[in-house]
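Asks: Have a look at the structure that comes next, please.
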Amino acid sequence: MPRVQTTRPNGGFFLWLTLPEGLNSKEMLPLAVTELVAYTPGTAFYGDGRGANNIRVCYSHPTAENVKVGIKRLSNVVNLQLDLLDTFRAE
C-alpha cells in the first residue's frame with residue numbers, strides 16, 4: 001500500500017499500520033466495510049484520542065489468498081481517501 005507505514009512484528013497475528021497524515025481510520029471504516037474489508041481503528045487502543053491515523057489488521061484466520069484480497073481492498077480505500085484529500089486540500 002503506497003504511503004502507509006507498517007510494523008514488522010516478531011510474532012503474533014496483528015499488523016499495525018500508520019496512515020498518511022490527514023486520514024482518519026475511524027472515519028474510513030464504513031467505506032472499508034462497503035468494500036468488504038474490516039480493521040480495528042487505532043483510536044480503540046488509546047484512551048486519549050490518539051491513533052486516528054492507525055489501523056490494526058489481523059492476518060491469522062484468512063488464507064494467504066484472502067489476505068492478498070484484503071490488502072488490495074484496503075489499499076483501494078486508502079487510495080480513494082488520499083485522492084479526496086489531494087483534490088480538496090486547501091492550497
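Residue numbering restarts at 1 in every chain; chains get A, B, ... in the order shown in the C-alpha cells, and ligands count up from 1 in that same order.
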Using DSSP on the backbone, list every residue of chain A that comes out as strand (DSSP E), and give them as a list in words.

Replies: Gln5, Thr6, Phe14, Leu15, Trp16, Leu17, Thr18, Thr40, Pro41, Asn54, Ile55, Arg56, Val57 and Cys58 of chain A

Asks: Grab the residues selected above and save them as an mmCIF file, in the first residue's frame with C-alpha atoms.

Replies:
data_model
loop_
_atom_site.group_PDB
_atom_site.id
_atom_site.type_symbol
_atom_site.label_atom_id
_atom_site.label_comp_id
_atom_site.auth_asym_id
_atom_site.auth_seq_id
_atom_site.Cartn_x
_atom_site.Cartn_y
_atom_site.Cartn_z
ATOM 1 C CA GLN A 5 3.930 2.575 7.142
ATOM 2 C CA THR A 6 3.769 -0.859 8.745
ATOM 3 C CA PHE A 14 -1.726 -8.429 14.083
ATOM 4 C CA LEU A 15 -0.136 -5.775 11.937
ATOM 5 C CA TRP A 16 -0.085 -2.100 12.917
ATOM 6 C CA LEU A 17 -0.427 0.392 10.055
ATOM 7 C CA THR A 18 0.196 4.126 10.124
ATOM 8 C CA THR A 40 -9.791 -2.004 14.082
ATOM 9 C CA PRO A 41 -9.230 1.775 14.126
ATOM 10 C CA ASN A 54 -3.504 3.994 12.807
ATOM 11 C CA ILE A 55 -5.097 0.683 11.859
ATOM 12 C CA ARG A 56 -4.712 -2.769 13.383
ATOM 13 C CA VAL A 57 -5.293 -5.629 10.969
ATOM 14 C CA CYS A 58 -5.446 -9.309 11.784
#

Asks: List the spatial neighbours of A:Arg3 as a PyMOL selection string - criterion: any atom at most 10 Å away, only C-alpha atoms, same-chain residues fewer than 4 positions off excluded.

Replies: chain A and resi 18-21+78-79+82

Asks: Can you tell me which residues surround stretch 60-70 of chain A at a distance of at most 9 Å, considering only C-alpha atoms, apart from same-chain residues fewer than 6 positions away, and format the answer as a list in words?

Replies: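 Using only C-alpha atoms, the neighbours found are Gly12, Phe13, Phe14, Leu36, Val37 and Ala38 of chain A.
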
Asks: If you run DSSP on this backbone, which residues of chain A come out as alpha helix (DSSP H), and could you give them as a ChimeraX atom specification?

Replies: /A:25-34,64-88

Asks: Hey, can you check how far atom CA of A:Arg50 sits from atom CA of A:Arg73?

Replies: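 Between atom CA of A:Arg50 and atom CA of A:Arg73 the gap is 24.9 Å.
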
Asks: Pick out the closest residue to A:Leu74 from this set: A:Asn53, A:Asn10, A:Thr87, A:Thr34. Count only C-alpha atoms.

Replies: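 For A:Leu74, the nearest of the given residues is A:Thr34.
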